[in-house]
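Notes for the one structure printed next.
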Amino acid sequence: MKPLAFAALAVLITGIPAPVLAWGGSGHRIIGQLAIRYLPIETPRFLRTPETQRDVGELSREPDRHKGAGRLHDTDREGLHFVDIDEQGRLLGGPPMVPLAATRADYAVQLRAFGLDEWKAGYLPYAIIDRWQQLTINLAYWRVLNAAIANPAWRANRTWFREDLRRRETLILKDIGELSHFVGDGSQPMHVSIHYNGWGDYPNPNGYTTARIHALFEGELVKARVTQAAVAAKVTPFRSCDCAIEQRVTTYLFESRDQVVPLYEMEKAGGMNPGDPRGGAFAIERLATGAKEVRDLIVEAWRASATTKVGWRPIAVQDVLSGKINPYVALSSVD
């Protein structure tokens, strides 16, 4: 959510502090819960429970709930929630977003060449990729710990393995909650556009609204017109990208960016007026897209976790699963 200027305007209008929230709590909760509900049976059983659905629904709201912790905290994390792409696929009219720079440091250099910075342009793709990679490594640890607990040859360390598994499952739910939040942000078209809160000071031959409709669309409209059942009915089956995570994420964000004009067309036609069903239908489609993408990324992370390494010094997950290596030393950091 963008940015402090909009929050400040809300304060002026209402007279009370008003955090700017992507999708609002209702939308993020729906995305997180449905992502878990539609996980396939190949994923760990502890993820496919009603308790996990509830937990992930609430954890999906967390990156918004801790706003207001302090100026340094909020300023540093603000750019995680958005990326400002124009109609030509450029960042604030500067460099193209694709190919995505390999790291945020490279991204910053790329933007500075155009007199821009990542704080203004946003760095949502990096938020998503970072959380996906974190989830993948924690799922790799989960695989290794379960294999270690089940191996009778390693029973001497079984208590430690069980305790670390408990900690790891807590971390995995946190990872998924944050992944869900940022993927959810990316399903809201105004979070991936220069037209993030009204069309703004850009050429506007079609006469799209310049009113601040961001919070109205993702908050009030969703709360009033969207149900979880309606979103669930639109969640499509799992689709593997068979591509690098960077490609999957940028494709997803550009597909969302392509919905910016349809959103403004819908608003222009009166679709966000009270009683008009078109605004709710548009939000339902976008929320379902977000839930599906979170679910798909969890599955992709689970599959990728089987072929990575964990611990120090790193050991291959498959070497533990096959019984070749006892992971205790690598995992417990016995120097």
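In the structure tokens, chains take the letters A, B, ... in the order shown, each chain's residues start at 1, and ligands count up from 1 in the order shown.
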Q: Write out as number ranges by chain the residues lying within 12 Å of Met190 (chain A), counting only C-alpha atoms and excluding same-chain residues fewer than 4 positions away.
A: A: 1-2, 22-23, 81-86, 184-186, 194-200, 212-218, 253-254, 256-264, 283, 286
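Taking CA of Asp164 (chain A) as the reference point, CA of Thr43 (chain A) is found at 19.4 Å.
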Q: Would you list the contacts of Ile31 (chain A) as number ranges by chain, taking every protein, DNA or RNA residue within 8 Å and counting only C-alpha atoms, but skipping same-chain residues closer than 5 positions in sequence?
A: A: 57, 60, 180, 184, 287-288, 290-291, 294
Print the selection's residues with C-alpha atoms to a file, as a compact mmCIF listing (two decimals), in the first residue's frame.
```
# COMPACT_ATOMS: atom_id res chain seq x y z
CA GLY A 57 -5.81 -16.51 7.17
CA SER A 60 -1.81 -13.25 5.90
CA SER A 180 0.11 -14.92 0.98
CA GLY A 184 -2.39 -11.00 -2.44
CA LEU A 287 -9.09 -12.44 -4.91
CA ALA A 288 -9.51 -15.89 -6.47
CA GLY A 290 -4.48 -14.32 -5.55
CA ALA A 291 -5.60 -17.42 -3.63
CA VAL A 294 -0.51 -18.55 -3.27
```
Q: Return as a PyMOL selection string the full set of residues in region 99-327 of chain A whose backbone-based DSSP assignment is alpha helix (DSSP H).
A: chain A and resi 104-112+118-121+124-150+158-187+214-215+222-225+228-232+245-257+260-268+277-304+317-321
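Proximity to Asp130 (chain A) at 12 Å, evaluated using only C-alpha atoms and with sequence-adjacent residues fewer than 3 positions away removed, yields Leu80, Ala102, Thr103, Arg104, Tyr123, Leu124, Pro125, Tyr126, Ala127, Gln133, Gln134, Leu135, Thr136, Ile137, Asp175, Ile176, Glu178, Leu179, Phe182, Val183, Ile245, Glu246, Val249 and Ala301 of chain A.
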Contact residues around Glu51 (chain A) with only C-alpha atoms at 12 Å, ignoring same-chain residues under 6 positions, as a PDB file with N, CA and C atoms, in the first residue's frame:
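The file below, result_16.pdb, is the result:
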```pdb
ATOM      1  N   GLN A  33      -6.802 -18.295   3.574  1.00  0.00           N
ATOM      2  CA  GLN A  33      -7.564 -19.485   3.924  1.00  0.00           C
ATOM      3  C   GLN A  33      -7.829 -20.369   2.707  1.00  0.00           C
ATOM      4  N   ILE A  36      -4.807 -22.445   1.458  1.00  0.00           N
ATOM      5  CA  ILE A  36      -4.599 -23.665   2.242  1.00  0.00           C
ATOM      6  C   ILE A  36      -5.678 -24.699   1.951  1.00  0.00           C
ATOM      7  N   ARG A  37      -6.918 -24.255   1.831  1.00  0.00           N
ATOM      8  CA  ARG A  37      -8.028 -25.196   1.599  1.00  0.00           C
ATOM      9  C   ARG A  37      -7.803 -26.020   0.338  1.00  0.00           C
ATOM     10  N   ARG A  45       0.695 -32.979   5.607  1.00  0.00           N
ATOM     11  CA  ARG A  45      -0.629 -33.038   6.221  1.00  0.00           C
ATOM     12  C   ARG A  45      -0.866 -31.901   7.203  1.00  0.00           C
ATOM     13  N   GLY A  57      -4.935 -17.639   7.454  1.00  0.00           N
ATOM     14  CA  GLY A  57      -5.814 -16.508   7.167  1.00  0.00           C
ATOM     15  C   GLY A  57      -5.463 -15.289   7.996  1.00  0.00           C
ATOM     16  N   GLU A  58      -5.176 -15.507   9.269  1.00  0.00           N
ATOM     17  CA  GLU A  58      -4.811 -14.383  10.139  1.00  0.00           C
ATOM     18  C   GLU A  58      -3.379 -13.916   9.883  1.00  0.00           C
ATOM     19  N   LEU A 173       4.458 -21.667   8.807  1.00  0.00           N
ATOM     20  CA  LEU A 173       3.188 -20.946   8.781  1.00  0.00           C
ATOM     21  C   LEU A 173       3.418 -19.442   8.660  1.00  0.00           C
TER      22      LEU A 173
END
```
Q | From A:Val192, A:Ile298, A:Val226, A:Val109, residue lying nearest Ile172 (chain A) [only C-alpha atoms] | A |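 Checking each of A:Val192, A:Ile298, A:Val226, A:Val109 against Ile172 (chain A), counting only C-alpha atoms, the winner is A:Ile298.
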Q: Excluding Glu163 (chain A) and residues on its chain fewer than 6 positions from it, collect all residues at most 12 Å away from it, counting only C-alpha atoms, and give them as an MDAnalysis selection string.
A: chainID A and resid 142 145:146 149 157 169:170 332
Can those selected residues be exported to a file as a PDB file, in the first residue's frame so that it contains C-alpha atoms?
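Written output follows (result_7.pdb):
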```pdb
ATOM      1  CA  TRP A 142      10.865 -30.165   7.435  1.00  0.00           C
ATOM      2  CA  LEU A 145      13.654 -33.581  10.216  1.00  0.00           C
ATOM      3  CA  ASN A 146      10.813 -36.005   9.525  1.00  0.00           C
ATOM      4  CA  ILE A 149      12.859 -38.798  13.372  1.00  0.00           C
ATOM      5  CA  ASN A 157      19.083 -37.280  18.590  1.00  0.00           C
ATOM      6  CA  GLU A 169       6.368 -25.815  11.466  1.00  0.00           C
ATOM      7  CA  THR A 170       5.824 -22.512  13.258  1.00  0.00           C
ATOM      8  CA  SER A 332      22.364 -28.385  15.257  1.00  0.00           C
TER       9      SER A 332
END
```
Q: Have a look at A:Ile128, A:Leu165, A:Val317, A:Ala147 and name the one nearest to Ser305 (chain A); count only C-alpha atoms.
A: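 Closest candidate: A:Val317.
Distance check against Tyr141 (chain A) using only C-alpha atoms: of A:Pro314, A:Gly122, A:Pro63, A:Gly68, the minimum falls on A:Pro314.
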Q. Out of A:Arg166, A:His28, A:Arg65, A:Arg239, which residue has the shortest atom-to-atom distance to Leu297 (chain A) when counting only C-alpha atoms?
A. A:Arg239
Q: Do a neighbour search on Trp154 (chain A) at 12 Å with only C-alpha atoms, toss out local chain neighbours closer than 3 positions, and write the hits as an NGL selection string.
A: :A and (145-151 or 157-161 or 320 or 323-329)
Using only C-alpha atoms, please write the residues we just selected to a file, as a PDB file, in the first residue's frame.
```pdb
ATOM      1  CA  LEU A 145      13.654 -33.581  10.216  1.00  0.00           C
ATOM      2  CA  ASN A 146      10.813 -36.005   9.525  1.00  0.00           C
ATOM      3  CA  ALA A 147      13.209 -38.432   7.878  1.00  0.00           C
ATOM      4  CA  ALA A 148      15.602 -38.135  10.817  1.00  0.00           C
ATOM      5  CA  ILE A 149      12.859 -38.798  13.372  1.00  0.00           C
ATOM      6  CA  ALA A 150      11.763 -41.900  11.480  1.00  0.00           C
ATOM      7  CA  ASN A 151      15.262 -43.373  11.099  1.00  0.00           C
ATOM      8  CA  ASN A 157      19.083 -37.280  18.590  1.00  0.00           C
ATOM      9  CA  ARG A 158      15.356 -37.877  18.131  1.00  0.00           C
ATOM     10  CA  THR A 159      14.281 -35.485  20.904  1.00  0.00           C
ATOM     11  CA  TRP A 160      16.219 -32.625  19.324  1.00  0.00           C
ATOM     12  CA  PHE A 161      14.829 -33.462  15.879  1.00  0.00           C
ATOM     13  CA  VAL A 320      19.134 -37.621   4.460  1.00  0.00           C
ATOM     14  CA  GLY A 323      19.639 -42.617   5.090  1.00  0.00           C
ATOM     15  CA  LYS A 324      23.092 -41.782   3.776  1.00  0.00           C
ATOM     16  CA  ILE A 325      23.769 -38.845   6.131  1.00  0.00           C
ATOM     17  CA  ASN A 326      22.653 -38.233   9.724  1.00  0.00           C
ATOM     18  CA  PRO A 327      21.717 -34.514   9.642  1.00  0.00           C
ATOM     19  CA  TYR A 328      22.230 -33.798  13.343  1.00  0.00           C
ATOM     20  CA  VAL A 329      25.631 -32.124  13.081  1.00  0.00           C
TER      21      VAL A 329
END
```
(Q) Using only C-alpha atoms, can you tell me which of A:Gln228, A:Ser333, A:Thr209, A:Thr308 comes closest to Glu267 (chain A)? (A) A:Thr209
